[in-house]
$ cat upload28.pdb   # PDB, C-alpha atoms
MODEL        1
ATOM      1  CA  MET R   1     -27.587   2.894  27.896  1.00  0.00           C
ATOM      2  CA  GLU R   2     -31.016   3.527  29.344  1.00  0.00           C
ATOM      3  CA  PRO R   3     -31.096   5.729  32.453  1.00  0.00           C
ATOM      4  CA  ILE R   4     -32.203   4.098  35.684  1.00  0.00           C
ATOM      5  CA  LYS R   5     -35.124   5.833  37.396  1.00  0.00           C
ATOM      6  CA  ALA R   6     -33.830   5.720  40.936  1.00  0.00           C
ATOM      7  CA  VAL R   7     -33.326   7.919  43.962  1.00  0.00           C
ATOM      8  CA  ASP R   8     -30.715   7.827  46.724  1.00  0.00           C
ATOM      9  CA  ILE R   9     -31.867   7.546  50.324  1.00  0.00           C
ATOM     10  CA  LYS R  10     -29.270   8.854  52.773  1.00  0.00           C
ATOM     11  CA  ILE R  11     -29.364   7.617  56.351  1.00  0.00           C
ATOM     12  CA  PHE R  12     -27.335   9.836  58.641  1.00  0.00           C
ATOM     13  CA  PRO R  13     -27.175   8.709  62.284  1.00  0.00           C
ATOM     14  CA  TYR R  14     -25.824  11.327  64.704  1.00  0.00           C
ATOM     15  CA  ARG R  15     -23.250   8.805  65.943  1.00  0.00           C
ATOM     16  CA  ARG R  16     -20.988   6.302  64.227  1.00  0.00           C
ATOM     17  CA  LEU R  17     -22.560   2.850  64.104  1.00  0.00           C
ATOM     18  CA  LYS R  18     -21.003  -0.190  65.744  1.00  0.00           C
ATOM     19  CA  PRO R  19     -20.654  -3.309  63.561  1.00  0.00           C
ATOM     20  CA  ALA R  20     -23.483  -5.167  65.356  1.00  0.00           C
ATOM     21  CA  THR R  21     -25.890  -2.252  64.862  1.00  0.00           C
ATOM     22  CA  THR R  22     -24.843  -1.879  61.223  1.00  0.00           C
ATOM     23  CA  GLU R  23     -25.434  -5.589  60.612  1.00  0.00           C
ATOM     24  CA  LYS R  24     -28.866  -5.553  62.245  1.00  0.00           C
ATOM     25  CA  ILE R  25     -30.068  -2.442  60.402  1.00  0.00           C
ATOM     26  CA  LEU R  26     -28.725  -3.504  57.003  1.00  0.00           C
ATOM     27  CA  ASN R  27     -30.209  -6.997  57.240  1.00  0.00           C
ATOM     28  CA  GLU R  28     -33.644  -5.525  57.934  1.00  0.00           C
ATOM     29  CA  ILE R  29     -33.290  -2.935  55.168  1.00  0.00           C
ATOM     30  CA  MET R  30     -32.086  -5.555  52.652  1.00  0.00           C
ATOM     31  CA  LYS R  31     -35.451  -7.331  53.035  1.00  0.00           C
ATOM     32  CA  LEU R  32     -37.225  -4.313  51.505  1.00  0.00           C
ATOM     33  CA  GLU R  33     -38.096  -4.139  47.816  1.00  0.00           C
ATOM     34  CA  GLY R  34     -36.537  -1.882  45.208  1.00  0.00           C
ATOM     35  CA  ILE R  35     -32.918  -1.690  46.410  1.00  0.00           C
ATOM     36  CA  LEU R  36     -30.341  -1.303  43.644  1.00  0.00           C
ATOM     37  CA  ARG R  37     -27.213  -0.703  45.742  1.00  0.00           C
ATOM     38  CA  VAL R  38     -25.983   0.205  49.218  1.00  0.00           C
ATOM     39  CA  LEU R  39     -22.961   2.373  50.059  1.00  0.00           C
ATOM     40  CA  LEU R  40     -21.404   2.540  53.522  1.00  0.00           C
ATOM     41  CA  ASN R  41     -19.448   5.731  54.205  1.00  0.00           C
ATOM     42  CA  GLY R  42     -17.206   6.622  57.105  1.00  0.00           C
ATOM     43  CA  GLU R  43     -13.655   6.895  58.315  1.00  0.00           C
ATOM     44  CA  SER R  44     -11.295   4.293  56.941  1.00  0.00           C
ATOM     45  CA  LEU R  45     -10.195   1.394  59.136  1.00  0.00           C
ATOM     46  CA  PRO R  46      -6.871   0.381  57.577  1.00  0.00           C
ATOM     47  CA  GLN R  47      -5.391  -3.053  58.196  1.00  0.00           C
ATOM     48  CA  ILE R  48      -1.825  -1.716  58.297  1.00  0.00           C
ATOM     49  CA  VAL R  49      -0.439   1.631  59.483  1.00  0.00           C
ATOM     50  CA  GLY R  50       0.504   3.561  56.342  1.00  0.00           C
ATOM     51  CA  TYR R  51       2.866   6.182  57.736  1.00  0.00           C
ATOM     52  CA  GLY R  52       4.652   7.405  60.865  1.00  0.00           C
ATOM     53  CA  PRO R  53       6.801   5.527  63.359  1.00  0.00           C
ATOM     54  CA  ALA R  54       4.492   2.484  63.357  1.00  0.00           C
ATOM     55  CA  LYS R  55       4.438   2.186  59.541  1.00  0.00           C
ATOM     56  CA  GLY R  56       3.781  -1.405  58.514  1.00  0.00           C
ATOM     57  CA  ALA R  57       2.355  -2.473  61.890  1.00  0.00           C
ATOM     58  CA  ARG R  58      -1.027  -4.200  61.948  1.00  0.00           C
ATOM     59  CA  VAL R  59      -3.979  -2.080  63.119  1.00  0.00           C
ATOM     60  CA  ASN R  60      -6.175  -3.855  65.648  1.00  0.00           C
ATOM     61  CA  HIS R  61      -9.334  -1.715  65.644  1.00  0.00           C
ATOM     62  CA  GLU R  62     -12.390  -3.096  67.438  1.00  0.00           C
ATOM     63  CA  ASP R  63     -14.767  -1.914  64.681  1.00  0.00           C
ATOM     64  CA  ARG R  64     -12.999  -3.772  61.851  1.00  0.00           C
ATOM     65  CA  LYS R  65     -15.249  -6.812  62.037  1.00  0.00           C
ATOM     66  CA  VAL R  66     -16.890  -9.213  59.631  1.00  0.00           C
ATOM     67  CA  ILE R  67     -20.657  -8.825  59.477  1.00  0.00           C
ATOM     68  CA  LYS R  68     -23.134 -11.142  57.776  1.00  0.00           C
ATOM     69  CA  LEU R  69     -25.463  -9.696  55.133  1.00  0.00           C
ATOM     70  CA  LYS R  70     -27.885 -11.989  53.315  1.00  0.00           C
ATOM     71  CA  ASP R  71     -25.697 -15.024  54.129  1.00  0.00           C
ATOM     72  CA  HIS R  72     -22.567 -13.241  52.817  1.00  0.00           C
ATOM     73  CA  ASP R  73     -19.622 -12.218  54.976  1.00  0.00           C
ATOM     74  CA  LEU R  74     -18.572  -8.576  54.643  1.00  0.00           C
ATOM     75  CA  GLU R  75     -15.539  -7.143  56.411  1.00  0.00           C
ATOM     76  CA  LEU R  76     -16.144  -3.538  57.440  1.00  0.00           C
ATOM     77  CA  SER R  77     -13.311  -1.303  56.278  1.00  0.00           C
ATOM     78  CA  VAL R  78     -14.943   1.909  57.587  1.00  0.00           C
ATOM     79  CA  THR R  79     -16.591   3.056  60.778  1.00  0.00           C
ATOM     80  CA  VAL R  80     -20.095   3.528  59.416  1.00  0.00           C
ATOM     81  CA  GLY R  81     -21.068   7.192  59.524  1.00  0.00           C
ATOM     82  CA  ASP R  82     -23.783   7.234  56.900  1.00  0.00           C
ATOM     83  CA  ILE R  83     -25.521   4.814  54.568  1.00  0.00           C
ATOM     84  CA  ILE R  84     -26.662   5.649  51.044  1.00  0.00           C
ATOM     85  CA  ILE R  85     -29.194   3.294  49.481  1.00  0.00           C
ATOM     86  CA  THR R  86     -30.183   3.625  45.826  1.00  0.00           C
ATOM     87  CA  VAL R  87     -33.838   2.651  45.396  1.00  0.00           C
ATOM     88  CA  LEU R  88     -36.148   2.388  42.402  1.00  0.00           C
ATOM     89  CA  HIS R  89     -38.087   5.643  42.127  1.00  0.00           C
ATOM     90  CA  GLU R  90     -41.520   3.985  42.283  1.00  0.00           C
ATOM     91  CA  LYS R  91     -40.630   2.266  45.599  1.00  0.00           C
ATOM     92  CA  GLN R  92     -39.372   5.452  47.302  1.00  0.00           C
ATOM     93  CA  GLU R  93     -42.368   6.407  49.478  1.00  0.00           C
ATOM     94  CA  VAL R  94     -42.990   2.951  50.924  1.00  0.00           C
ATOM     95  CA  PHE R  95     -39.243   2.434  51.370  1.00  0.00           C
ATOM     96  CA  LEU R  96     -38.830   5.705  53.307  1.00  0.00           C
ATOM     97  CA  LYS R  97     -41.646   4.822  55.726  1.00  0.00           C
ATOM     98  CA  LYS R  98     -40.258   1.344  56.399  1.00  0.00           C
ATOM     99  CA  VAL R  99     -36.672   2.588  56.824  1.00  0.00           C
ATOM    100  CA  ASP R 100     -37.829   5.208  59.308  1.00  0.00           C
ATOM    101  CA  ASP R 101     -39.535   2.458  61.352  1.00  0.00           C
ATOM    102  CA  ILE R 102     -36.461   0.190  61.188  1.00  0.00           C
ATOM    103  CA  LEU R 103     -34.152   2.980  62.354  1.00  0.00           C
ATOM    104  CA  GLY R 104     -36.531   4.108  65.099  1.00  0.00           C
ATOM    105  CA  ASN R 105     -36.627   0.566  66.492  1.00  0.00           C
ATOM    106  CA  ASN R 106     -32.863  -0.069  66.290  1.00  0.00           C
ATOM    107  CA  LEU R 107     -31.033   3.196  66.941  1.00  0.00           C
ATOM    108  CA  SER R 108     -30.654   4.796  70.334  1.00  0.00           C
ATOM    109  CA  CYS R 109     -29.443   8.078  68.803  1.00  0.00           C
ATOM    110  CA  ASN R 110     -31.154  10.631  66.583  1.00  0.00           C
ATOM    111  CA  PHE R 111     -30.861  10.273  62.820  1.00  0.00           C
ATOM    112  CA  GLU R 112     -31.864  11.946  59.564  1.00  0.00           C
ATOM    113  CA  VAL R 113     -33.226  10.292  56.438  1.00  0.00           C
ATOM    114  CA  SER R 114     -33.084  12.270  53.191  1.00  0.00           C
ATOM    115  CA  ALA R 115     -34.017  11.504  49.589  1.00  0.00           C
ATOM    116  CA  GLY R 116     -32.124  12.969  46.651  1.00  0.00           C
ATOM    117  CA  ILE R 117     -29.036  12.356  44.538  1.00  0.00           C
ATOM    118  CA  PHE R 118     -25.979  11.687  46.700  1.00  0.00           C
ATOM    119  CA  THR R 119     -23.902   9.621  44.264  1.00  0.00           C
ATOM    120  CA  LYS R 120     -22.397  10.253  40.844  1.00  0.00           C
ATOM    121  CA  THR R 121     -24.738   9.824  37.925  1.00  0.00           C
ATOM    122  CA  ASN R 122     -22.299  10.279  35.023  1.00  0.00           C
ATOM    123  CA  ILE R 123     -19.536   7.879  34.000  1.00  0.00           C
ATOM    124  CA  THR R 124     -15.979   9.152  34.403  1.00  0.00           C
ATOM    125  CA  VAL R 125     -12.657   7.726  33.261  1.00  0.00           C
ATOM    126  CA  SER R 126     -12.044   6.619  36.873  1.00  0.00           C
ATOM    127  CA  ASP R 127     -15.155   4.432  36.721  1.00  0.00           C
ATOM    128  CA  TYR R 128     -13.865   2.656  33.615  1.00  0.00           C
ATOM    129  CA  LEU R 129     -10.401   2.182  35.067  1.00  0.00           C
ATOM    130  CA  LYS R 130     -11.557   1.072  38.491  1.00  0.00           C
ATOM    131  CA  ILE R 131     -14.004  -1.493  37.193  1.00  0.00           C
ATOM    132  CA  ASP R 132     -11.321  -2.971  34.922  1.00  0.00           C
ATOM    133  CA  ARG R 133     -13.058  -2.262  31.654  1.00  0.00           C
ATOM    134  CA  GLY R 134     -11.804  -0.609  28.531  1.00  0.00           C
ATOM    135  CA  ILE R 135     -13.095   2.854  27.766  1.00  0.00           C
ATOM    136  CA  GLU R 136     -14.797   1.550  24.630  1.00  0.00           C
ATOM    137  CA  GLN R 137     -16.993  -0.889  26.592  1.00  0.00           C
ATOM    138  CA  GLU R 138     -20.287  -0.017  28.235  1.00  0.00           C
ATOM    139  CA  ILE R 139     -20.331   0.102  32.003  1.00  0.00           C
ATOM    140  CA  GLU R 140     -23.148  -1.224  34.188  1.00  0.00           C
ATOM    141  CA  PRO R 141     -25.059   1.896  35.373  1.00  0.00           C
ATOM    142  CA  THR R 142     -25.399   0.615  38.943  1.00  0.00           C
ATOM    143  CA  TYR R 143     -21.572   0.542  39.261  1.00  0.00           C
ATOM    144  CA  ILE R 144     -21.139   4.277  38.591  1.00  0.00           C
ATOM    145  CA  GLY R 145     -19.498   6.021  41.520  1.00  0.00           C
ATOM    146  CA  LEU R 146     -19.088   2.906  43.653  1.00  0.00           C
ATOM    147  CA  VAL R 147     -15.327   2.938  43.946  1.00  0.00           C
ATOM    148  CA  ASP R 148     -12.896   5.213  45.709  1.00  0.00           C
ATOM    149  CA  PRO R 149     -10.348   6.517  43.151  1.00  0.00           C
ATOM    150  CA  GLY R 150      -7.545   5.983  45.688  1.00  0.00           C
ATOM    151  CA  SER R 151      -8.193   2.291  46.295  1.00  0.00           C
ATOM    152  CA  LYS R 152      -8.401  -1.003  44.454  1.00  0.00           C
ATOM    153  CA  SER R 153     -12.007  -1.822  43.540  1.00  0.00           C
ATOM    154  CA  GLU R 154     -11.750  -5.426  44.780  1.00  0.00           C
ATOM    155  CA  GLU R 155     -11.095  -3.976  48.250  1.00  0.00           C
ATOM    156  CA  THR R 156     -14.108  -1.652  48.303  1.00  0.00           C
ATOM    157  CA  VAL R 157     -16.864  -3.183  46.152  1.00  0.00           C
ATOM    158  CA  ARG R 158     -18.782  -6.281  47.297  1.00  0.00           C
ATOM    159  CA  LEU R 159     -21.611  -7.644  45.196  1.00  0.00           C
ATOM    160  CA  ILE R 160     -24.246  -9.313  47.356  1.00  0.00           C
ATOM    161  CA  GLY R 161     -26.990 -11.069  45.437  1.00  0.00           C
ATOM    162  CA  ASP R 162     -30.135 -12.920  46.405  1.00  0.00           C
TER     163      ASP R 162
ENDMDL
END
$ encode --input "upload28.pdb" --output "structure tokens"
Amino acid sequence: MEPIKAVDIKIFPYRRLKPATTEKILNEIMKLEGILRVLLNGESLPQIVGYGPAKGARVNHEDRKVIKLKDHDLELSVTVGDIIITVLHEKQEVFLKKVDDILGNNLSCNFEVSAGIFTKTNITVSDYLKIDRGIEQEIEPTYIGLVDPGSKSEETVRLIGD
């Protein structure tokens, strides 16, 4: 497996993003060149209460909405706290400048944009198990670290193509 020459760009707004803001920002960012993957991080928005006196009741949270990205529907399962975008290394400088402009035009709060490694780079047993592959098979490098070990991968990973 040949290593991918890429860098993670972490967008950290000082407030949690509403679904409409997330949709607008991501659609503008997805137009940029060099993106390999996008991770949305934040507090979980469960569909059903998992414990306590209301266990089994449906959760009706206003931020659990379906947004449209590149003509694909994506249901948000987190309140977006930060966004990590993996970009080809040679596109990093141009990408950072454009992202800074996009965020400046669309966010009313302060934010930070950092470049570095914010995701796993080595394959673990969890990656093989979560992506439903045998340990003897090769795994697509862009899938490494995409899934939460405590969840089913079909609930957390959405592949959005051109």
$ resolve_selection --input "upload28.pdb" --expression "the PyMOL selection byres ((chain R and resi 85-87) around 8)" --output "list of chain:residue names"
R:Ala6, R:Val7, R:Asp8, R:Ile9, R:Lys10, R:Gly34, R:Ile35, R:Leu36, R:Arg37, R:Val38, R:Leu39, R:Ile83, R:Ile84, R:Leu88, R:His89, R:Lys91, R:Gln92
$ resolve_selection --input "upload28.pdb" --expression "the PyMOL selection byres ((chain R and resi 82) around 6)" --output "PyMOL selection string"
chain R and resi 11-12+41+80-81+83
$ axis_aligned_box --input "upload28.pdb" --around "stretch 73-87 of chain R" --padding-each-side "3 Å" --output "JSON"
{"center_x": -23.6, "center_y": -2.5, "center_z": 53.1, "size_x": 26.5, "size_y": 25.5, "size_z": 21.4}
$ resolve_selection --input "upload28.pdb" --expression "the PyMOL selection byres ((chain R and resi 31) around 12)" --output "PyMOL selection string"
chain R and resi 24-30+32-35+69-70+95+98-99+102+161-162
$ atom_distance --input "upload28.pdb" --atom1 "atom CA of R:Asn60" --atom2 "atom CA of R:Thr21"
19.8 Å
$ residues_around --input "upload28.pdb" --residues "R:Ser77" --least-positions-apart "5" --cutoff "8 Å" --atoms "only C-alpha atoms" --output "list in words"
Ser44, Leu45, Pro46 and Arg64 of chain R
$ atom_distance --input "upload28.pdb" --atom1 "atom CA of R:Phe118" --atom2 "atom CA of R:Asp71"
27.7 Å
$ atom_distance --input "upload28.pdb" --atom1 "atom CA of R:Ile67" --atom2 "atom CA of R:Gly116"
27.8 Å
$ build_atoms --input "upload28.pdb" --residues "stretch 9-33 of chain R" --atoms "N, CA, C and O atoms" --output "short mmCIF file (atom, residue, chain, number, x, y, z; two decimals), in the coordinates of the input"
data_model
loop_
_atom_site.label_atom_id
_atom_site.label_comp_id
_atom_site.auth_asym_id
_atom_site.auth_seq_id
_atom_site.Cartn_x
_atom_site.Cartn_y
_atom_site.Cartn_z
N ILE R 9 -31.36 7.30 48.98
CA ILE R 9 -31.87 7.55 50.32
C ILE R 9 -30.64 7.58 51.24
O ILE R 9 -29.89 6.60 51.30
N LYS R 10 -30.42 8.71 51.89
CA LYS R 10 -29.27 8.85 52.77
C LYS R 10 -29.71 8.76 54.22
O LYS R 10 -30.56 9.51 54.68
N ILE R 11 -29.11 7.81 54.92
CA ILE R 11 -29.36 7.62 56.35
C ILE R 11 -28.16 8.19 57.09
O ILE R 11 -27.03 7.74 56.89
N PHE R 12 -28.41 9.18 57.91
CA PHE R 12 -27.34 9.84 58.64
C PHE R 12 -27.60 9.78 60.13
O PHE R 12 -28.31 10.61 60.69
N PRO R 13 -27.04 8.76 60.82
CA PRO R 13 -27.18 8.71 62.28
C PRO R 13 -26.25 9.76 62.90
O PRO R 13 -25.20 10.07 62.35
N TYR R 14 -26.63 10.29 64.06
CA TYR R 14 -25.82 11.33 64.70
C TYR R 14 -24.61 10.77 65.42
O TYR R 14 -23.85 11.52 66.03
N ARG R 15 -24.43 9.47 65.40
CA ARG R 15 -23.25 8.80 65.94
C ARG R 15 -22.76 7.79 64.93
O ARG R 15 -23.52 7.32 64.08
N ARG R 16 -21.51 7.38 65.06
CA ARG R 16 -20.99 6.30 64.23
C ARG R 16 -21.61 4.99 64.70
O ARG R 16 -21.84 4.80 65.90
N LEU R 17 -21.90 4.11 63.76
CA LEU R 17 -22.56 2.85 64.10
C LEU R 17 -21.54 1.76 64.41
O LEU R 17 -20.55 1.60 63.71
N LYS R 18 -21.81 0.98 65.42
CA LYS R 18 -21.00 -0.19 65.74
C LYS R 18 -21.32 -1.29 64.73
O LYS R 18 -22.41 -1.32 64.13
N PRO R 19 -20.42 -2.24 64.52
CA PRO R 19 -20.65 -3.31 63.56
C PRO R 19 -21.95 -4.09 63.81
O PRO R 19 -22.68 -4.41 62.87
N ALA R 20 -22.27 -4.40 65.06
CA ALA R 20 -23.48 -5.17 65.36
C ALA R 20 -24.74 -4.39 64.97
O ALA R 20 -25.69 -4.96 64.41
N THR R 21 -24.74 -3.09 65.23
CA THR R 21 -25.89 -2.25 64.86
C THR R 21 -26.00 -2.14 63.35
O THR R 21 -27.09 -2.24 62.78
N THR R 22 -24.87 -1.96 62.69
CA THR R 22 -24.84 -1.88 61.22
C THR R 22 -25.41 -3.15 60.61
O THR R 22 -26.25 -3.11 59.71
N GLU R 23 -24.97 -4.30 61.13
CA GLU R 23 -25.43 -5.59 60.61
C GLU R 23 -26.94 -5.74 60.79
O GLU R 23 -27.66 -6.13 59.86
N LYS R 24 -27.44 -5.40 61.96
CA LYS R 24 -28.87 -5.55 62.24
C LYS R 24 -29.71 -4.65 61.35
O LYS R 24 -30.69 -5.09 60.74
N ILE R 25 -29.32 -3.40 61.22
CA ILE R 25 -30.07 -2.44 60.40
C ILE R 25 -30.03 -2.84 58.93
O ILE R 25 -31.07 -2.87 58.26
N LEU R 26 -28.84 -3.16 58.43
CA LEU R 26 -28.72 -3.50 57.00
C LEU R 26 -29.49 -4.78 56.65
O LEU R 26 -30.10 -4.86 55.58
N ASN R 27 -29.46 -5.77 57.53
CA ASN R 27 -30.21 -7.00 57.24
C ASN R 27 -31.71 -6.74 57.17
O ASN R 27 -32.40 -7.34 56.34
N GLU R 28 -32.22 -5.86 58.01
CA GLU R 28 -33.64 -5.52 57.93
C GLU R 28 -33.96 -4.71 56.68
O GLU R 28 -34.97 -4.92 56.03
N ILE R 29 -33.08 -3.77 56.36
CA ILE R 29 -33.29 -2.94 55.17
C ILE R 29 -33.20 -3.77 53.90
O ILE R 29 -33.97 -3.56 52.96
N MET R 30 -32.27 -4.73 53.86
CA MET R 30 -32.09 -5.56 52.65
C MET R 30 -33.30 -6.42 52.34
O MET R 30 -33.42 -6.93 51.23
N LYS R 31 -34.22 -6.58 53.28
CA LYS R 31 -35.45 -7.33 53.04
C LYS R 31 -36.47 -6.51 52.24
O LYS R 31 -37.42 -7.07 51.71
N LEU R 32 -36.27 -5.19 52.19
CA LEU R 32 -37.22 -4.31 51.50
C LEU R 32 -37.06 -4.41 50.00
O LEU R 32 -35.99 -4.75 49.49
N GLU R 33 -38.11 -4.06 49.27
CA GLU R 33 -38.10 -4.14 47.82
C GLU R 33 -37.56 -2.86 47.19
O GLU R 33 -37.72 -1.78 47.73
#
